[in-house]
file structure_1.txt (compact mmCIF, C-alpha atoms)
# COMPACT_ATOMS: atom_id res chain seq x y z
CA MET A 90 55.99 -2.34 88.55
CA ASN A 91 55.90 -5.42 90.72
CA GLU A 92 57.44 -8.30 88.76
CA ILE A 93 58.09 -11.85 89.83
CA ASP A 94 61.61 -13.17 90.36
CA PRO A 95 62.71 -14.02 86.78
CA SER A 96 64.04 -17.41 87.90
CA ILE A 97 60.53 -18.61 88.80
CA PRO A 98 59.07 -18.66 85.23
CA LEU A 99 62.23 -20.43 84.08
CA ARG A 100 61.78 -23.07 86.77
CA ALA A 101 58.14 -23.47 85.72
CA ARG A 102 59.21 -23.81 82.11
CA ALA A 103 61.53 -26.62 83.17
CA GLY A 104 58.57 -28.45 84.71
CA ASP A 105 58.75 -27.27 88.34
CA GLU A 106 55.11 -27.47 89.49
CA LYS A 107 55.78 -25.42 92.64
CA ALA A 108 57.07 -22.60 90.49
CA PHE A 109 53.85 -22.59 88.47
CA ILE A 110 51.81 -22.36 91.68
CA GLU A 111 53.98 -19.41 92.76
CA ILE A 112 53.27 -17.72 89.44
CA VAL A 113 49.51 -18.16 89.72
CA GLU A 114 49.54 -16.95 93.34
CA PHE A 115 51.62 -13.92 92.42
CA TYR A 116 49.73 -12.86 89.31
CA TYR A 117 46.17 -13.99 89.97
CA PRO A 118 45.01 -10.71 91.62
CA ARG A 119 46.53 -8.55 88.88
CA CYS A 120 45.22 -10.76 86.11
CA LEU A 121 41.71 -10.80 87.60
CA ARG A 122 41.82 -7.02 87.99
CA PHE A 123 42.78 -6.52 84.36
CA ALA A 124 40.18 -8.99 83.10
CA ARG A 125 37.43 -7.43 85.27
CA ASN A 126 38.26 -3.97 84.03
CA MET A 127 38.49 -5.18 80.46
CA LEU A 128 35.37 -7.34 80.39
CA GLY A 129 33.13 -5.72 83.03
CA SER A 130 31.85 -9.13 84.09
CA GLU A 131 33.05 -11.10 87.09
CA GLN A 132 32.24 -14.48 85.56
CA ASP A 133 33.81 -13.71 82.19
CA ALA A 134 36.88 -12.32 83.96
CA GLU A 135 37.36 -15.44 86.07
CA GLU A 136 37.01 -17.65 83.00
CA ALA A 137 39.46 -15.54 81.03
CA VAL A 138 42.03 -15.71 83.84
CA GLN A 139 41.58 -19.48 84.19
CA ASP A 140 42.01 -19.93 80.44
CA ALA A 141 45.02 -17.64 80.37
CA PHE A 142 46.87 -19.61 83.05
CA THR A 143 45.98 -22.86 81.30
CA ARG A 144 47.49 -21.48 78.12
CA VAL A 145 50.55 -20.25 80.02
CA TYR A 146 51.03 -23.73 81.44
CA ASP A 147 50.73 -25.29 77.98
CA SER A 148 52.92 -22.68 76.32
CA PHE A 149 55.91 -22.64 78.64
CA PRO A 150 58.08 -24.44 76.05
CA ARG A 151 57.62 -21.36 73.83
CA PHE A 152 58.63 -18.92 76.58
CA ARG A 153 62.10 -17.68 75.70
CA GLU A 154 64.77 -17.73 78.38
CA ASP A 155 65.73 -14.11 77.72
CA ALA A 156 62.13 -12.80 77.62
CA ARG A 157 60.40 -10.93 80.43
CA PHE A 158 57.46 -12.78 81.90
CA ASP A 159 55.02 -9.90 82.49
CA PRO A 160 54.48 -8.89 78.84
CA TRP A 161 54.27 -12.54 77.83
CA LEU A 162 51.61 -13.30 80.45
CA PHE A 163 49.60 -10.17 79.71
CA ARG A 164 49.66 -10.86 75.98
CA ILE A 165 48.06 -14.24 76.61
CA LEU A 166 45.54 -12.71 79.02
CA ALA A 167 44.70 -9.82 76.70
CA ASN A 168 44.10 -12.28 73.88
CA ARG A 169 41.83 -14.33 76.13
CA CYS A 170 39.87 -11.19 76.98
CA ARG A 171 39.51 -10.41 73.30
CA THR A 172 38.12 -13.86 72.62
CA SER A 173 35.79 -13.55 75.60
CA MET A 174 34.47 -10.21 74.31
CA ALA A 175 33.72 -11.71 70.93
CA ARG A 176 31.92 -14.62 72.55
CA SER A 177 29.95 -12.42 74.95
CA ARG A 178 28.87 -10.11 72.17
CA ARG A 179 27.05 -12.98 70.58
CA HIS A 180 25.02 -13.54 73.73
CA ARG A 181 24.34 -10.04 75.00
CA SER A 182 24.76 -6.56 73.73
CA MET A 183 25.50 -4.80 77.00
CA ILE A 184 26.69 -5.42 80.53
CA GLU A 185 24.02 -6.46 82.99
CA TYR A 186 23.28 -3.98 85.73
CA GLY A 187 23.70 -6.55 88.49
CA GLU A 188 27.23 -7.35 87.44
CA VAL A 189 28.36 -3.75 87.79
CA ALA A 190 27.08 -3.74 91.34
CA ALA A 191 28.80 -7.05 92.08
CA LEU A 192 32.11 -5.74 90.79
CA SER A 193 31.88 -2.59 92.85
CA ALA A 194 31.06 -4.60 95.92
CA ALA A 195 33.97 -6.98 95.37
CA ALA A 196 36.60 -4.32 94.82
CA ALA A 197 35.01 -1.65 97.03
CA PRO A 198 36.79 1.33 95.44
CA GLU A 199 33.89 3.53 96.52
CA GLU A 200 35.21 3.57 100.08
CA GLU A 201 37.93 5.86 98.86
CA PHE A 202 36.34 7.50 95.84
CA GLY A 203 32.59 7.46 96.41
CA ALA A 204 30.25 4.91 94.88
CA ASP A 205 28.85 7.16 92.16
CA TRP A 206 32.24 8.31 91.00
CA ALA A 207 33.79 4.81 90.98
CA GLU A 208 30.81 3.47 89.08
CA GLU A 209 30.97 6.33 86.61
CA VAL A 210 34.61 5.45 85.91
CA ARG A 211 33.55 1.89 85.13
CA VAL A 212 30.67 3.02 82.97
CA VAL A 213 32.90 5.33 80.94
CA LEU A 214 35.50 2.60 80.67
CA GLU A 215 32.85 0.29 79.21
CA THR A 216 32.01 2.82 76.53
CA LEU A 217 35.59 3.07 75.28
CA PRO A 218 36.54 1.09 72.19
CA ALA A 219 38.21 -2.14 73.30
CA GLU A 220 41.61 -1.19 71.96
CA GLN A 221 41.55 2.13 73.85
CA ARG A 222 40.33 0.46 77.04
CA GLU A 223 43.05 -2.16 76.75
CA ALA A 224 45.82 0.41 76.18
CA PHE A 225 44.58 2.66 79.00
CA LEU A 226 44.39 -0.19 81.51
CA LEU A 227 47.80 -1.58 80.61
CA ARG A 228 49.42 1.85 80.84
CA HIS A 229 47.69 3.54 83.77
CA VAL A 230 46.37 0.66 85.88
CA GLU A 231 48.83 -2.16 85.22
CA ASP A 232 51.67 0.36 84.88
CA LEU A 233 53.32 -1.27 81.88
CA SER A 234 55.75 0.72 79.73
CA TYR A 235 54.74 1.51 76.16
CA GLU A 236 57.39 -0.95 74.96
CA ASP A 237 55.80 -3.67 77.06
CA ILE A 238 52.31 -2.73 75.88
CA ALA A 239 53.57 -3.01 72.31
CA ALA A 240 54.76 -6.53 73.12
CA VAL A 241 51.36 -7.35 74.65
CA THR A 242 49.16 -5.93 71.91
CA GLY A 243 51.35 -6.10 68.81
CA ALA A 244 50.51 -2.45 68.05
CA GLY A 245 53.08 0.26 67.34
CA LEU A 246 54.18 2.80 69.93
CA SER A 247 52.57 5.79 68.19
CA ALA A 248 49.25 4.00 67.83
CA LEU A 249 49.35 3.01 71.49
CA ARG A 250 50.09 6.54 72.67
CA MET A 251 47.17 7.75 70.57
CA ARG A 252 44.86 5.10 72.05
CA VAL A 253 45.82 6.06 75.60
CA LYS A 254 45.41 9.75 74.82
CA ARG A 255 41.95 9.26 73.37
CA ALA A 256 40.92 7.12 76.33
CA CYS A 257 42.16 9.81 78.72
CA ASP A 258 40.35 12.53 76.77
CA THR A 259 37.06 10.62 76.94
CA LEU A 260 37.46 9.77 80.62
CA ARG A 261 38.39 13.34 81.47
CA ALA A 262 35.46 14.85 79.59
CA ARG A 263 32.94 12.53 81.21
CA LEU A 264 34.38 12.63 84.72
CA GLU A 265 34.63 16.41 84.77
CA LYS A 266 30.86 16.50 84.29
CA VAL A 267 30.41 14.20 87.28
CA GLU A 268 32.68 16.38 89.40
CA ARG A 269 30.62 19.51 88.74
CA MET B 1256 54.72 13.45 69.31
CA ILE B 1257 51.96 12.58 71.78
CA THR B 1258 52.87 13.50 75.33
CA GLU B 1259 51.88 11.46 78.36
CA GLU B 1260 48.87 12.95 80.11
CA ARG B 1261 48.18 11.87 83.64
CA ASP B 1262 46.51 14.67 85.52
CA GLU B 1263 44.76 14.43 88.87
CA LEU B 1264 41.48 13.24 87.38
CA ILE B 1265 43.08 10.44 85.36
CA GLU B 1266 45.20 9.55 88.37
CA ARG B 1267 42.08 9.14 90.51
CA ALA B 1268 40.29 7.15 87.81
CA ALA B 1269 43.28 4.82 87.49
CA ARG B 1270 43.49 4.34 91.25
CA SER B 1271 39.79 3.49 91.48
CA LEU B 1272 40.36 0.76 88.89
CA ALA B 1273 43.59 -0.45 90.48
CA VAL B 1274 42.07 -2.00 93.59
CA LEU B 1275 43.34 -5.57 93.66
CA PRO B 1276 40.99 -8.46 94.38
CA PRO B 1277 42.18 -10.60 97.28
CA ALA B 1278 44.40 -13.61 96.64
CA ASN B 1279 42.47 -16.81 97.21
CA HIS B 1280 44.57 -19.93 97.70
CA ALA B 1281 41.69 -22.30 96.93
CA VAL B 1282 41.02 -20.53 93.63
CA VAL B 1283 44.72 -20.55 92.81
CA MET B 1284 44.95 -24.31 93.38
CA GLY B 1285 41.82 -24.81 91.29
CA ILE B 1286 43.47 -22.95 88.41
CA VAL B 1287 46.64 -25.00 88.73
CA GLN B 1288 44.73 -28.29 88.77
CA ALA B 1289 42.62 -27.28 85.79
CA ALA B 1290 45.77 -26.39 83.83
CA ARG B 1291 47.29 -29.79 84.63
CA ALA B 1292 44.09 -31.60 83.64
CA HIS B 1293 43.93 -29.66 80.37
CA ARG B 1294 47.48 -30.65 79.46
CA ARG B 1295 46.75 -34.31 80.14
CA ALA B 1296 43.70 -34.13 77.87
CA ARG B 1297 45.41 -32.48 74.92
CA PRO B 1298 45.10 -34.23 71.56
CA SER B 1299 48.14 -36.08 70.29
CA LEU B 1300 47.41 -36.68 66.61
CA VAL B 1301 47.52 -33.05 65.65
CA THR B 1302 50.91 -32.57 67.22
CA GLN B 1303 52.25 -35.42 65.12
CA PHE B 1304 50.54 -34.17 61.98
CA THR B 1305 51.69 -30.58 62.29
CA GLY B 1306 55.14 -31.83 63.25
CA TRP B 1307 55.27 -33.70 59.95
CA MET B 1308 54.15 -30.63 58.06
CA ARG B 1309 56.79 -28.49 59.73
CA ALA B 1310 59.67 -30.83 58.92
CA PRO B 1311 62.42 -28.56 57.53
CA SER B 1312 63.67 -31.16 55.05
CA LEU B 1313 60.49 -31.06 52.95
CA SER B 1314 61.10 -29.80 49.44
CA VAL B 1315 58.95 -27.88 46.97
CA ALA B 1316 57.81 -31.20 45.56
CA SER B 1317 56.42 -32.05 48.96
CA ALA B 1318 53.93 -29.23 48.55
CA THR B 1319 52.32 -31.24 45.80
CA MET B 1320 52.14 -34.23 48.13
CA LEU B 1321 50.63 -32.02 50.80
CA ALA B 1322 48.06 -30.73 48.37
CA ALA B 1323 47.15 -34.28 47.35
CA ALA B 1324 46.94 -35.28 50.99
CA THR B 1325 44.72 -32.32 51.67
CA LEU B 1326 42.32 -33.50 49.00
CA VAL B 1327 42.19 -36.93 50.61
CA ILE B 1328 41.61 -35.28 53.97
CA GLY B 1329 38.81 -33.24 52.49
CA PHE B 1330 37.22 -36.43 51.17
CA VAL B 1331 37.41 -38.01 54.61
CA SER B 1332 35.66 -35.01 56.07
CA GLY B 1333 32.53 -35.92 54.17
CA GLY B 1334 32.04 -32.44 52.85
CA SER B 1335 32.90 -30.45 55.96
CA PHE B 1336 34.36 -27.59 54.02
CA ASN B 1337 34.62 -23.98 54.85
CA GLY B 1338 32.25 -22.23 52.50
CA ALA B 1339 34.90 -19.98 51.04
CA ALA B 1340 38.32 -21.44 50.68
CA THR B 1341 39.12 -25.02 49.92
CA ALA B 1342 42.29 -26.79 49.00
CA ALA B 1343 43.43 -25.86 45.54
CA ALA B 1344 45.45 -28.89 44.65
CA ASP B 1345 43.33 -29.36 41.55
CA ARG B 1346 44.15 -25.92 40.21
CA GLY B 1347 47.38 -26.72 38.45
CA GLY B 1348 49.43 -26.64 41.64
CA VAL B 1349 48.48 -23.06 42.41
CA ILE B 1350 47.52 -22.93 46.03
CA ARG B 1351 46.20 -19.76 47.55
CA GLY B 1352 44.63 -19.06 50.92
CA GLY B 1353 42.21 -21.67 52.11
CA THR B 1354 41.18 -24.35 54.52
CA THR B 1355 39.82 -27.86 54.59
CA LEU B 1356 38.50 -29.78 57.53
CA ILE B 1357 39.15 -33.24 58.85
CA PRO B 1358 37.82 -34.99 61.93
CA ALA B 1359 40.16 -35.21 64.88
CA ALA B 1360 40.74 -38.94 65.12
CA ASP B 1361 42.34 -38.81 68.56
CA ALA B 1362 41.40 -35.62 70.27
CA GLY B 1363 40.92 -36.76 73.85
CA ALA B 1364 38.77 -34.33 75.85
CA ASP B 1365 38.67 -32.01 72.86
CA SER B 1366 37.08 -34.64 70.67
CA ARG B 1367 34.66 -32.07 69.31
CA SER B 1368 37.58 -30.24 67.72
CA VAL B 1369 38.39 -30.59 64.06
CA ALA B 1370 41.81 -30.42 62.43
CA VAL B 1371 41.86 -27.59 59.92
CA PRO B 1372 44.75 -27.34 57.44
CA MET B 1373 45.34 -23.70 56.53
CA LEU B 1374 47.02 -22.58 53.33
CA LEU B 1375 48.15 -19.18 52.17
CA ASP B 1376 50.08 -18.11 49.09
CA ALA B 1377 52.31 -15.23 50.14
CA PRO B 1378 55.53 -15.56 48.09
CA SER B 1379 57.33 -12.51 49.44
CA ALA B 1380 56.45 -12.98 53.12
CA LYS B 1381 59.15 -13.68 55.69
CA SER B 1382 56.80 -15.03 58.36
CA VAL B 1383 53.15 -16.00 58.44
CA ALA B 1384 50.93 -17.17 61.30
CA VAL B 1385 47.25 -17.91 61.72
CA VAL B 1386 45.46 -15.91 64.40
CA GLY B 1387 41.85 -16.18 65.44
CA ASP B 1388 39.47 -16.75 68.28
CA PHE B 1389 40.56 -20.41 68.37
CA ASN B 1390 44.09 -19.40 69.47
CA ASP B 1391 43.21 -16.13 71.22
CA TRP B 1392 44.66 -14.11 68.35
CA ASP B 1393 48.10 -15.05 69.56
CA PRO B 1394 50.59 -14.48 66.71
CA THR B 1395 53.04 -16.93 68.27
CA ALA B 1396 50.55 -19.77 68.75
CA THR B 1397 50.08 -21.06 65.20
CA PRO B 1398 53.03 -20.20 62.97
CA MET B 1399 52.84 -21.41 59.37
CA GLN B 1400 55.66 -23.14 57.56
CA ARG B 1401 56.64 -22.76 53.93
CA PHE B 1402 57.34 -25.56 51.52
CA GLY B 1403 60.42 -24.81 49.46
CA GLY B 1404 61.50 -21.33 48.41
CA ASP B 1405 58.20 -20.09 47.05
CA GLY B 1406 55.64 -22.67 48.11
CA PRO B 1407 52.48 -22.01 50.08
CA TRP B 1408 52.46 -21.35 53.80
CA THR B 1409 50.70 -24.16 55.63
CA VAL B 1410 49.76 -25.34 59.07
CA THR B 1411 47.11 -27.57 60.59
CA MET B 1412 45.29 -26.36 63.68
CA MET B 1413 42.41 -27.48 65.87
CA ALA B 1414 39.09 -25.64 66.00
CA LYS B 1415 35.77 -26.54 67.54
CA PRO B 1416 32.68 -26.72 65.33
CA GLY B 1417 31.04 -23.35 64.90
CA ARG B 1418 31.74 -19.94 63.44
CA HIS B 1419 35.23 -18.55 63.95
CA LEU B 1420 36.91 -15.29 63.04
CA TYR B 1421 40.51 -15.48 61.88
CA ALA B 1422 43.19 -13.76 59.84
CA PHE B 1423 46.77 -14.31 58.78
CA MET B 1424 49.59 -12.38 60.41
CA VAL B 1425 51.87 -11.72 57.43
CA ASP B 1426 55.18 -10.14 58.48
CA GLY B 1427 53.42 -8.67 61.50
CA VAL B 1428 50.49 -7.27 59.51
CA LEU B 1429 46.99 -8.62 60.10
CA THR B 1430 45.71 -9.79 56.71
CA ALA B 1431 42.32 -11.27 55.91
CA ASP B 1432 42.21 -14.55 54.00
CA PRO B 1433 41.86 -13.54 50.34
CA ARG B 1434 39.55 -16.44 49.62
CA ALA B 1435 37.26 -16.45 52.64
CA PRO B 1436 34.23 -14.33 53.53
CA LYS B 1437 35.24 -11.22 55.44
CA THR B 1438 33.70 -9.44 58.38
CA LYS B 1439 34.60 -6.55 60.61
CA ASP B 1440 36.40 -7.43 63.81
CA VAL B 1441 34.30 -5.03 65.84
CA ASP B 1442 36.51 -5.12 68.91
CA TYR B 1443 39.69 -4.02 67.23
CA GLY B 1444 38.50 -2.46 64.01
CA GLY B 1445 40.36 -4.67 61.55
CA GLU B 1446 39.05 -6.99 58.88
CA ALA B 1447 38.75 -10.66 59.75
CA SER B 1448 37.81 -13.75 57.78
CA VAL B 1449 35.05 -16.17 58.66
CA LEU B 1450 35.66 -19.87 59.13
CA MET B 1451 32.71 -22.22 59.49
CA VAL B 1452 33.71 -25.50 61.10
CA THR B 1453 31.11 -28.23 60.84
CA LYS B 1454 30.88 -31.34 62.98
CA PRO B 1455 32.83 -34.27 61.58

call {"tool": "encode", "arguments": {"input": "structure_1.txt", "output": "structure tokens"}}
result
Amino acid sequence: MNEIDPSIPLRARAGDEKAFIEIVEFYYPRCLRFARNMLGSEQDAEEAVQDAFTRVYDSFPRFREDARFDPWLFRILANRCRTSMARSRRHRSMIEYGEVAALSAAAAPEEEFGADWAEEVRVVLETLPAEQREAFLLRHVEDLSYEDIAAVTGAGLSALRMRVKRACDTLRARLEKVER
Amino acid sequence: MITEERDELIERAARSLAVLPPANHAVVMGIVQAARAHRRARPSLVTQFTGWMRAPSLSVASATMLAAATLVIGFVSGGSFNGAATAAADRGGVIRGGTTLIPAADAGADSRSVAVPMLLDAPSAKSVAVVGDFNDWDPTATPMQRFGGDGPWTVTMMAKPGRHLYAFMVDGVLTADPRAPKTKDVDYGGEASVLMVTKP
């Protein structure tokens, strides 16, 4: 996993503004990727990432010197995504078709995988319960260890392994149909 | 024991989701500037108020003072109470879970926010925090402090007017407020409490 130099978050915590810019530059693509995959909406994802970095900036005094930055950042981001999902649910019950197309166009995974297949992955991902989607993305896309995912989500290791397994089972069952 | 399963199909699915969006320096600088602006606009009164409540030298007797203060605060709010749980200072000193609302007197850009004292009676707990959509369900964001050896757990937090979902994190376990209306947290399957914050 690609982690930032541990001295940079400590410099940011001490008030070094350049260090905070380095953090945002380093993590912005990964954070936006996670939020997009989690929320399925470009606009909601951008807002969640913005809010997460604002909270990081405000919360640096609570960042422990001996803690790793990645799980700390992703816990804040995952919590922002959770809040965003709750807010979005009040306004709409399902993702808008146009947003799926916009996401695919922005990330262009279909160049490698085929548009139908890449979109099917997203559609199946959307149907997963949020806790399974979150665990799957953190494990298999963001490449976090189960210990780190436990720090991000607050869930136990066994529960997390079960969430990832169920997500994989669902994805596999649906994608095998597409392959045929 | 659940074994890790990452076959070719899952591998391909993960890779299709792992495409990184491009870094955009203008967006990055916008995020940094927004974070700075947000810090400058943060309310100051609440920090002072919660700092007072968290003072480690407060004794059990101070809980009574807190309860009395909470009643006064509730009066100032002009009836802006959560429908379920209100301060219980008038119940013979027995304070259980609950909230009252006060206007944020000096809330800067967040002037719509309201200070909400939270109370929970959990005598055997080692640590308690409030989590909810107002703090992104972050168990480290709003820790509660206890008055004396067996007093109530308390904290004051900011929340914008509207309907909020929340719960207490009691020794790491998500626990609904025993005195507030409950609802299902549909995203994560647990039970959450409902907090209605009205405009001051």

call {"tool": "interface_residues", "arguments": {"input": "structure_1.txt", "of": "chain A", "to": "chain B", "cutoff": "7 Å", "atoms": "all atoms listed in the file", "output": "list in words"}}
result
Ile110, Val113, Glu114, Tyr117, Pro118, Arg119, Arg122, Gln139, Phe142, Thr143, Tyr146, Asp147, Asn168, Arg169, Thr172, Ala196, Pro198, Phe202, Ala207, Val210, Ala219, Glu220, His229, Val230, Arg250, Met251, Cys257 and Arg261 of chain A

call {"tool": "atom_distance", "arguments": {"input": "structure_1.txt", "atom1": "CA of Leu264 in chain A", "atom2": "CA of Ser247 in chain A"}}
result
25.5 Å

call {"tool": "closest_residue", "arguments": {"input": "structure_1.txt", "among": "A:Leu226, A:Glu215, A:Arg252, A:Gln221", "to": "Ser130 in chain A", "atoms": "all atoms listed in the file"}}
result
A:Glu215

call {"tool": "atom_distance", "arguments": {"input": "structure_1.txt", "atom1": "CA of Pro218 in chain A", "atom2": "CA of Thr259 in chain A"}}
result
10.7 Å

call {"tool": "closest_residue", "arguments": {"input": "structure_1.txt", "among": "B:Val1371, B:Ala1281, B:Val1452, B:Ala1380", "to": "Gly1406 in chain B", "atoms": "all atoms listed in the file"}}
result
B:Ala1380

call {"tool": "residues_near_point", "arguments": {"input": "structure_1.txt", "point": "(54.4, -20.0, 60.4)", "cutoff": "10 Å", "atoms": "all atoms listed in the file", "output": "PyMOL selection string"}}
result
chain B and resi 1309+1381-1385+1394-1401+1408-1410+1423-1425

call {"tool": "write_last_selection", "arguments": {"input": "structure_1.txt", "atoms": "C-alpha atoms", "output": "compact mmCIF listing (two decimals), in the frame of the given file"}}
result
# COMPACT_ATOMS: atom_id res chain seq x y z
CA ARG B 1309 56.79 -28.49 59.73
CA LYS B 1381 59.15 -13.68 55.69
CA SER B 1382 56.80 -15.03 58.36
CA VAL B 1383 53.15 -16.00 58.44
CA ALA B 1384 50.93 -17.17 61.30
CA VAL B 1385 47.25 -17.91 61.72
CA PRO B 1394 50.59 -14.48 66.71
CA THR B 1395 53.04 -16.93 68.27
CA ALA B 1396 50.55 -19.77 68.75
CA THR B 1397 50.08 -21.06 65.20
CA PRO B 1398 53.03 -20.20 62.97
CA MET B 1399 52.84 -21.41 59.37
CA GLN B 1400 55.66 -23.14 57.56
CA ARG B 1401 56.64 -22.76 53.93
CA TRP B 1408 52.46 -21.35 53.80
CA THR B 1409 50.70 -24.16 55.63
CA VAL B 1410 49.76 -25.34 59.07
CA PHE B 1423 46.77 -14.31 58.78
CA MET B 1424 49.59 -12.38 60.41
CA VAL B 1425 51.87 -11.72 57.43

call {"tool": "atom_distance", "arguments": {"input": "structure_1.txt", "atom1": "CA of Ala1422 in chain B", "atom2": "CA of Ser1448 in chain B"}}
result
5.8 Å

call {"tool": "closest_residue", "arguments": {"input": "structure_1.txt", "among": "A:Ala101, A:Leu249, A:Val267, A:Ala244", "to": "Glu154 in chain A", "atoms": "all atoms listed in the file"}}
result
A:Ala101
